[in-house]
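Okay, upload.cif is below, mmCIF, C-alpha atoms, pLDDT in the B column; chains and numbers go by the auth columns:
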data_target
#
loop_
_atom_site.group_PDB
_atom_site.id
_atom_site.type_symbol
_atom_site.label_atom_id
_atom_site.label_comp_id
_atom_site.label_asym_id
_atom_site.label_seq_id
_atom_site.Cartn_x
_atom_site.Cartn_y
_atom_site.Cartn_z
_atom_site.B_iso_or_equiv
_atom_site.auth_seq_id
_atom_site.auth_asym_id
ATOM 1 C CA MET A 1 52.849 158.337 34.452 80.00 67 Q
ATOM 2 C CA VAL A 2 51.220 161.076 32.398 81.00 68 Q
ATOM 3 C CA ASP A 3 53.343 163.442 30.332 74.00 69 Q
ATOM 4 C CA THR A 4 52.544 167.162 30.831 75.00 70 Q
ATOM 5 C CA ARG A 5 54.903 168.625 28.230 73.00 71 Q
ATOM 6 C CA PRO A 6 52.094 169.281 25.668 76.00 72 Q
ATOM 7 C CA LEU A 7 50.521 171.667 28.228 75.00 73 Q
ATOM 8 C CA GLY A 8 53.605 173.808 28.600 75.00 74 Q
ATOM 9 C CA ARG A 9 53.549 175.901 31.725 75.00 75 Q
ATOM 10 C CA GLN A 10 50.944 178.244 30.317 77.00 76 Q
ATOM 11 C CA PRO A 11 48.018 178.687 32.717 82.00 77 Q
ATOM 12 C CA GLY A 12 44.754 178.031 30.950 81.00 78 Q
ATOM 13 C CA SER A 13 46.015 175.357 28.567 83.00 79 Q
ATOM 14 C CA SER A 14 44.384 171.953 28.883 85.00 80 Q
ATOM 15 C CA ARG A 15 44.158 168.555 27.258 88.00 81 Q
ATOM 16 C CA THR A 16 42.261 165.337 27.748 90.00 82 Q
ATOM 17 C CA VAL A 17 43.789 161.899 28.019 89.00 83 Q
ATOM 18 C CA SER A 18 42.097 158.496 27.961 91.00 84 Q
ATOM 19 C CA ARG A 19 44.026 155.351 28.670 91.00 85 Q
ATOM 20 C CA ALA A 20 43.733 151.900 30.144 92.00 86 Q
ATOM 21 C CA VAL A 21 46.256 150.848 32.755 91.00 87 Q
ATOM 22 C CA SER A 22 46.791 147.707 34.791 90.00 88 Q
ATOM 23 C CA ALA A 23 46.250 147.888 38.532 88.00 89 Q
ATOM 24 C CA PRO A 24 49.795 147.964 39.973 83.00 90 Q
ATOM 25 C CA GLY A 25 48.737 146.180 43.154 80.00 91 Q
ATOM 26 C CA SER A 26 45.591 144.989 44.796 77.00 92 Q
ATOM 27 C CA PHE A 27 43.208 147.878 45.468 85.00 93 Q
ATOM 28 C CA ALA A 28 41.041 146.278 48.148 84.00 94 Q
ATOM 29 C CA THR A 29 38.861 146.648 51.189 84.00 95 Q
ATOM 30 C CA GLY A 30 37.767 143.746 53.399 82.00 96 Q
ATOM 31 C CA MET A 31 35.360 141.998 51.017 85.00 97 Q
ATOM 32 C CA SER A 32 35.973 143.486 47.561 89.00 98 Q
ATOM 33 C CA GLY A 33 38.736 144.903 45.467 90.00 99 Q
ATOM 34 C CA VAL A 34 40.280 145.443 42.070 91.00 100 Q
ATOM 35 C CA PRO A 35 42.776 142.593 41.636 89.00 101 Q
ATOM 36 C CA GLU A 36 46.379 143.201 40.669 88.00 102 Q
ATOM 37 C CA GLY A 37 46.742 143.402 36.913 89.00 103 Q
ATOM 38 C CA ALA A 38 43.055 144.178 36.285 91.00 104 Q
ATOM 39 C CA GLU A 39 42.335 146.914 33.764 93.00 105 Q
ATOM 40 C CA ILE A 40 41.463 150.406 35.002 93.00 106 Q
ATOM 41 C CA ASP A 41 40.171 152.894 32.424 95.00 107 Q
ATOM 42 C CA LEU A 42 41.227 156.485 33.087 94.00 108 Q
ATOM 43 C CA ASP A 43 39.563 159.540 31.555 95.00 109 Q
ATOM 44 C CA LEU A 44 41.621 162.587 32.512 93.00 110 Q
ATOM 45 C CA ARG A 45 41.523 166.324 31.957 93.00 111 Q
ATOM 46 C CA LEU A 46 44.848 168.076 32.588 91.00 112 Q
ATOM 47 C CA GLU A 47 44.770 171.836 33.118 91.00 113 Q
ATOM 48 C CA ALA A 48 47.804 174.056 33.592 88.00 114 Q
ATOM 49 C CA VAL A 49 47.284 176.542 36.431 89.00 115 Q
ATOM 50 C CA MET A 50 49.665 178.974 38.141 89.00 116 Q
ATOM 51 C CA GLU A 51 50.672 176.514 40.883 88.00 117 Q
ATOM 52 C CA GLY A 52 50.980 173.374 38.742 87.00 118 Q
ATOM 53 C CA VAL A 53 48.722 170.975 36.859 89.00 119 Q
ATOM 54 C CA LEU A 54 45.146 170.294 37.954 91.00 120 Q
ATOM 55 C CA VAL A 55 44.085 166.731 37.122 93.00 121 Q
ATOM 56 C CA THR A 56 40.374 165.928 37.042 94.00 122 Q
ATOM 57 C CA GLY A 57 39.299 162.463 36.076 94.00 123 Q
ATOM 58 C CA THR A 58 37.405 159.247 36.522 96.00 124 Q
ATOM 59 C CA ALA A 59 38.694 155.736 36.996 95.00 125 Q
ATOM 60 C CA THR A 60 36.462 152.882 35.856 95.00 126 Q
ATOM 61 C CA ALA A 61 37.172 149.291 36.850 94.00 127 Q
ATOM 62 C CA THR A 62 35.502 146.032 37.821 92.00 128 Q
ATOM 63 C CA ALA A 63 35.490 145.154 41.503 91.00 129 Q
ATOM 64 C CA ALA A 64 35.591 141.492 42.452 91.00 130 Q
ATOM 65 C CA GLY A 65 34.777 140.035 45.826 91.00 131 Q
ATOM 66 C CA GLU A 66 32.240 137.972 47.681 92.00 132 Q
ATOM 67 C CA CYS A 67 28.705 138.655 48.820 91.00 133 Q
ATOM 68 C CA ALA A 68 28.605 139.835 52.433 90.00 134 Q
ATOM 69 C CA ARG A 69 25.608 137.584 53.157 90.00 135 Q
ATOM 70 C CA CYS A 70 26.049 134.335 51.204 89.00 136 Q
ATOM 71 C CA LEU A 71 29.748 134.471 50.209 89.00 137 Q
ATOM 72 C CA ASP A 72 29.062 133.909 46.496 91.00 138 Q
ATOM 73 C CA PRO A 73 31.475 135.594 44.077 93.00 139 Q
ATOM 74 C CA VAL A 74 30.437 139.136 43.101 92.00 140 Q
ATOM 75 C CA SER A 75 31.690 141.290 40.245 92.00 141 Q
ATOM 76 C CA ASP A 76 30.481 144.894 39.930 90.00 142 Q
ATOM 77 C CA PRO A 77 31.605 147.845 37.817 93.00 143 Q
ATOM 78 C CA ILE A 78 32.760 150.869 39.808 93.00 144 Q
ATOM 79 C CA GLU A 79 33.492 154.436 38.819 95.00 145 Q
ATOM 80 C CA ALA A 80 35.557 156.781 40.981 94.00 146 Q
ATOM 81 C CA GLY A 81 36.019 160.492 40.375 95.00 147 Q
ATOM 82 C CA PHE A 82 38.993 162.482 41.576 94.00 148 Q
ATOM 83 C CA GLN A 83 40.577 165.914 41.327 94.00 149 Q
ATOM 84 C CA GLU A 84 44.093 166.728 42.457 93.00 150 Q
ATOM 85 C CA LEU A 85 46.601 169.525 42.019 93.00 151 Q
ATOM 86 C CA PHE A 86 50.149 168.485 41.180 90.00 152 Q
ATOM 87 C CA ARG A 87 52.477 171.357 42.072 91.00 153 Q
ATOM 88 C CA TYR A 88 55.512 172.383 40.104 84.00 154 Q
ATOM 89 C CA PRO A 89 58.604 171.361 42.103 80.00 155 Q
ATOM 90 C CA ASP A 90 60.158 174.827 41.778 69.00 156 Q
ATOM 91 C CA ASP A 91 57.017 176.661 42.892 49.00 157 Q
ATOM 92 C CA ASP A 92 58.394 180.079 43.914 49.00 158 Q
ATOM 93 C CA LEU A 93 54.959 181.677 44.110 50.00 159 Q
ATOM 94 C CA VAL A 94 54.436 180.718 47.747 49.00 160 Q
ATOM 95 C CA PRO A 95 57.050 181.790 50.294 46.00 161 Q
ATOM 96 C CA ALA A 96 58.619 178.771 52.006 46.00 162 Q
ATOM 97 C CA ASP A 97 57.911 180.106 55.518 46.00 163 Q
ATOM 98 C CA SER A 98 54.143 180.373 54.829 46.00 164 Q
ATOM 99 C CA VAL A 99 53.750 176.640 54.092 47.00 165 Q
ATOM 100 C CA ASP A 100 53.558 174.444 57.169 49.00 166 Q
ATOM 101 C CA GLN A 101 54.994 170.924 57.149 47.00 167 Q
ATOM 102 C CA GLU A 102 51.595 169.175 57.296 50.00 168 Q
ATOM 103 C CA ASP A 103 50.338 170.873 54.136 50.00 169 Q
ATOM 104 C CA GLU A 104 53.572 170.079 52.315 52.00 170 Q
ATOM 105 C CA ASP A 105 53.272 166.358 53.162 57.00 171 Q
ATOM 106 C CA GLU A 106 49.786 166.230 51.618 75.00 172 Q
ATOM 107 C CA ASP A 107 50.764 167.916 48.349 83.00 173 Q
ATOM 108 C CA TYR A 108 51.609 166.095 45.144 85.00 174 Q
ATOM 109 C CA TYR A 109 54.423 167.279 42.893 87.00 175 Q
ATOM 110 C CA LEU A 110 55.313 166.781 39.247 81.00 176 Q
ATOM 111 C CA GLU A 111 58.249 164.454 38.686 82.00 177 Q
ATOM 112 C CA GLY A 112 60.117 166.308 35.978 81.00 178 Q
ATOM 113 C CA GLU A 113 57.434 166.800 33.331 80.00 179 Q
ATOM 114 C CA SER A 114 55.364 163.761 34.381 82.00 180 Q
ATOM 115 C CA ILE A 115 52.604 163.062 36.850 88.00 181 Q
ATOM 116 C CA ASP A 116 52.436 159.814 38.827 89.00 182 Q
ATOM 117 C CA LEU A 117 48.729 159.144 39.382 89.00 183 Q
ATOM 118 C CA GLU A 118 49.043 155.794 41.174 89.00 184 Q
ATOM 119 C CA GLN A 119 48.335 157.066 44.716 90.00 185 Q
ATOM 120 C CA VAL A 120 45.505 159.378 43.600 91.00 186 Q
ATOM 121 C CA VAL A 121 43.806 156.597 41.606 91.00 187 Q
ATOM 122 C CA ARG A 122 44.325 154.090 44.436 91.00 188 Q
ATOM 123 C CA ASP A 123 42.702 156.426 46.976 91.00 189 Q
ATOM 124 C CA ALA A 124 39.726 157.168 44.714 92.00 190 Q
ATOM 125 C CA VAL A 125 39.116 153.534 43.721 92.00 191 Q
ATOM 126 C CA VAL A 126 39.406 152.133 47.248 92.00 192 Q
ATOM 127 C CA LEU A 127 36.946 154.740 48.552 92.00 193 Q
ATOM 128 C CA ALA A 128 34.487 153.797 45.776 92.00 194 Q
ATOM 129 C CA LEU A 129 34.576 150.067 46.591 91.00 195 Q
ATOM 130 C CA PRO A 130 31.498 148.689 48.374 89.00 196 Q
ATOM 131 C CA LEU A 131 32.186 147.802 51.999 87.00 197 Q
ATOM 132 C CA SER A 132 29.537 145.058 51.996 89.00 198 Q
ATOM 133 C CA PRO A 133 28.958 143.900 48.420 91.00 199 Q
ATOM 134 C CA LEU A 134 25.802 141.908 47.750 91.00 200 Q
ATOM 135 C CA CYS A 135 25.067 139.424 44.971 90.00 201 Q
ATOM 136 C CA ARG A 136 21.551 140.899 44.890 90.00 202 Q
ATOM 137 C CA ASP A 137 19.671 143.363 47.093 90.00 203 Q
ATOM 138 C CA ASP A 138 17.372 140.743 48.623 91.00 204 Q
ATOM 139 C CA CYS A 139 20.034 138.089 49.290 88.00 205 Q
ATOM 140 C CA PRO A 140 18.831 136.098 52.340 88.00 206 Q
ATOM 141 C CA GLY A 141 22.329 134.907 53.257 88.00 207 Q
ATOM 142 C CA LEU A 142 23.261 131.689 55.052 87.00 208 Q
ATOM 143 C CA CYS A 143 21.402 129.692 57.696 85.00 209 Q
ATOM 144 C CA PRO A 144 23.022 130.475 61.059 82.00 210 Q
ATOM 145 C CA GLU A 145 22.511 126.883 62.241 80.00 211 Q
ATOM 146 C CA CYS A 146 23.769 124.748 59.358 82.00 212 Q
ATOM 147 C CA GLY A 147 25.327 127.216 56.896 82.00 213 Q
ATOM 148 C CA VAL A 148 23.170 126.281 53.895 86.00 214 Q
ATOM 149 C CA LYS A 149 22.477 129.051 51.417 87.00 215 Q
ATOM 150 C CA LEU A 150 18.928 130.193 52.229 85.00 216 Q
ATOM 151 C CA ALA A 151 18.243 131.105 48.599 82.00 217 Q
ATOM 152 C CA ASP A 152 18.775 127.421 47.686 84.00 218 Q
ATOM 153 C CA ALA A 153 17.093 125.908 50.785 82.00 219 Q
ATOM 154 C CA GLU A 154 13.583 124.507 50.706 82.00 220 Q
ATOM 155 C CA PRO A 155 10.758 126.777 51.892 80.00 221 Q
ATOM 156 C CA GLY A 156 10.302 126.661 55.651 78.00 222 Q
ATOM 157 C CA HIS A 157 13.926 125.660 56.271 80.00 223 Q
ATOM 158 C CA GLY A 158 14.432 125.524 60.025 77.00 224 Q
ATOM 159 C CA HIS A 159 15.961 123.609 62.920 75.00 225 Q
ATOM 160 C CA GLY A 160 13.205 123.155 65.477 69.00 226 Q
ATOM 161 C CA ASP A 161 12.189 125.858 67.927 66.00 227 Q
ATOM 162 C CA GLY A 162 15.751 127.081 68.326 64.00 228 Q
ATOM 163 C CA VAL A 163 15.861 126.678 72.130 69.00 229 Q
ATOM 164 C CA ASP A 164 19.238 125.865 73.544 73.00 230 Q
ATOM 165 C CA PRO A 165 18.888 122.446 75.241 75.00 231 Q
ATOM 166 C CA ARG A 166 20.641 123.764 78.340 81.00 232 Q
ATOM 167 C CA TRP A 167 17.617 126.034 78.972 79.00 233 Q
ATOM 168 C CA GLU A 168 15.024 123.282 78.500 76.00 234 Q
ATOM 169 C CA ALA A 169 14.579 122.778 82.275 78.00 235 Q
ATOM 170 C CA LEU A 170 13.664 126.468 82.729 78.00 236 Q
ATOM 171 C CA ARG A 171 11.153 126.288 79.908 74.00 237 Q
ATOM 172 C CA GLN A 172 9.462 123.302 81.573 75.00 238 Q
ATOM 173 C CA LEU A 173 9.217 125.231 84.853 77.00 239 Q
ATOM 174 C CA GLY A 174 7.407 128.047 83.088 67.00 240 Q
ATOM 175 C CA GLU A 175 4.864 125.693 81.472 68.00 241 Q
ATOM 176 C CA GLU A 176 3.841 123.879 84.689 63.00 242 Q
ATOM 177 C CA PRO A 177 3.353 126.592 87.306 61.00 243 Q
ATOM 178 C CA GLY A 178 1.580 124.718 90.114 60.00 244 Q
ATOM 179 C CA ASP A 179 3.120 121.296 89.872 55.00 245 Q
ATOM 180 C CA ARG A 180 6.442 121.978 91.589 50.00 246 Q
#
Turn this file's structure into structure tokens for me.
Amino acid sequence: MVDTRPLGRQPGSSRTVSRAVSAPGSFATGMSGVPEGAEIDLDLRLEAVMEGVLVTGTATATAAGECARCLDPVSDPIEAGFQELFRYPDDDLVPADSVDQEDEDEDYYLEGESIDLEQVVRDAVVLALPLSPLCRDDCPGLCPECGVKLADAEPGHGHGDGVDPRWEALRQLGEEPGDR
């Protein structure tokens, strides 16, 4: 929660806020995320406007997960920017009949004189997470036959010619065309 009382309701007034917060829950995609309780640094600029308070900021955290190719643990810093308008709850500037229900569901409102940024930060951080994190750009991954990490395997690691033994009879037919 961020207190907006120092802004007053005077359009044009602004202030900056920097704080570190703990992730309230796991912010995650399939292979990476910011674990619950991890520190998220917020740098915010609050600006009072006619309709409410405009919040512009960045959230910086460390994403943890596993490499999409070799499954080794990965830890990468991420930075997510966001900008959202939090409307005053008694906003009389817009007639009630001109606001449709869909737009009202997507709006954020001040809770008294405070702003709850949890959902805004969660959306921004989750969208900034890598979908397929890599331990390094040239990670070769795992061997599809035996599962050994190819980065640790000896050069020339292989498992024969890779022909399924059920197809061996067809391969022999193709090698001996006049004998059958």
(request) Extract, using all atoms listed in the file, all DNA, RNA and protein residues at most 10 Å from Q:Leu120, discarding same-chain residues fewer than 5 positions from it, and format them as a list of chain:residue names. (result)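 Within the cut-off, the hits are Q:Ser80, Q:Arg111, Q:Leu112, Q:Glu113, Q:Ala114, Q:Val115, Q:Gln149, Q:Glu150, Q:Leu151, Q:Phe152, Q:Arg153.
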(request) Please provide the set of residues having any atom within 8 Å of stretch 131-140 of chain Q, restricted to all atoms listed in the file, with same-chain residues fewer than 6 positions apart removed, written as a list of chain:residue names. (result)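 Counting only the stated atoms, we get Q:Met97, Q:Ser98, Q:Gly99, Q:Ser198, Q:Pro199, Q:Leu200, Q:Cys201, Q:Cys205, Q:Pro206, Q:Gly207, Q:Leu208, Q:Lys215.
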(request) Could you check how far atom CA of Q:Asp182 sits from atom CA of Q:Asp69, in Å to one decimal? (result)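 One can read the atom CA of Q:Asp182 to atom CA of Q:Asp69 distance as 9.3 Å.
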(message) What's the separation between atom CA of Q:Glu172 and atom CA of Q:Val186, in Å to one decimal place?
(response) 11.4 Å
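Residues matched by the PyMOL selection byres ((chain Q and resi 184) around 12) in this file: Q:Met67, Q:Val68, Q:Val87, Q:Ser88, Q:Ala89, Q:Pro90, Q:Gly91, Q:Ser92, Q:Phe93, Q:Ile106, Q:Leu108, Q:Ala125, Q:Tyr174, Q:Ile181, Q:Asp182, Q:Leu183, Q:Gln185, Q:Val186, Q:Val187, Q:Arg188, Q:Asp189, Q:Ala190, Q:Val191, Q:Val192.
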May I have the selected residues written with C-alpha atoms, as a PDB file, in the frame of the given file?
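So part.pdb came out as:
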ATOM      1  CA  MET Q  67      52.849 158.337  34.452  1.00 80.00           C
ATOM      2  CA  VAL Q  68      51.220 161.076  32.398  1.00 81.00           C
ATOM      3  CA  VAL Q  87      46.256 150.848  32.755  1.00 91.00           C
ATOM      4  CA  SER Q  88      46.791 147.707  34.791  1.00 90.00           C
ATOM      5  CA  ALA Q  89      46.250 147.888  38.532  1.00 88.00           C
ATOM      6  CA  PRO Q  90      49.795 147.964  39.973  1.00 83.00           C
ATOM      7  CA  GLY Q  91      48.737 146.180  43.154  1.00 80.00           C
ATOM      8  CA  SER Q  92      45.591 144.989  44.796  1.00 77.00           C
ATOM      9  CA  PHE Q  93      43.208 147.878  45.468  1.00 85.00           C
ATOM     10  CA  ILE Q 106      41.463 150.406  35.002  1.00 93.00           C
ATOM     11  CA  LEU Q 108      41.227 156.485  33.087  1.00 94.00           C
ATOM     12  CA  ALA Q 125      38.694 155.736  36.996  1.00 95.00           C
ATOM     13  CA  TYR Q 174      51.609 166.095  45.144  1.00 85.00           C
ATOM     14  CA  ILE Q 181      52.604 163.062  36.850  1.00 88.00           C
ATOM     15  CA  ASP Q 182      52.436 159.814  38.827  1.00 89.00           C
ATOM     16  CA  LEU Q 183      48.729 159.144  39.382  1.00 89.00           C
ATOM     17  CA  GLN Q 185      48.335 157.066  44.716  1.00 90.00           C
ATOM     18  CA  VAL Q 186      45.505 159.378  43.600  1.00 91.00           C
ATOM     19  CA  VAL Q 187      43.806 156.597  41.606  1.00 91.00           C
ATOM     20  CA  ARG Q 188      44.325 154.090  44.436  1.00 91.00           C
ATOM     21  CA  ASP Q 189      42.702 156.426  46.976  1.00 91.00           C
ATOM     22  CA  ALA Q 190      39.726 157.168  44.714  1.00 92.00           C
ATOM     23  CA  VAL Q 191      39.116 153.534  43.721  1.00 92.00           C
ATOM     24  CA  VAL Q 192      39.406 152.133  47.248  1.00 92.00           C
TER      25      VAL Q 192
END
(message) Using all atoms listed in the file for the distances, tell me which of Q:Ala104, Q:Pro196, Q:Leu216, Q:Thr82 is nearest to Q:Asp142.
(response) Q:Pro196
(message) Just the number, please: distance in Å from atom CA of Q:Phe148 to atom CA of Q:Leu110, one decimal.
(response) 9.4 Å
(request) Using all atoms listed in the file, pick whichever of Q:Glu220, Q:Arg202, Q:Ala94, Q:Ser180 has the shortest atom-to-atom distance to Q:Pro72. (result) Q:Ser180
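Shortest atom-to-atom contact with Q:Asp107 among Q:Ala86, Q:Thr122, Q:Leu73, Q:Thr128: Q:Ala86, counting only C-alpha atoms.
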(message) Counting all atoms listed in the file, which residue out of Q:Glu234, Q:Ala219, Q:Gly96, Q:Gly118 sits closest to Q:Thr70?
(response)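 Comparing Q:Glu234, Q:Ala219, Q:Gly96, Q:Gly118 against Q:Thr70, the winner is Q:Gly118.
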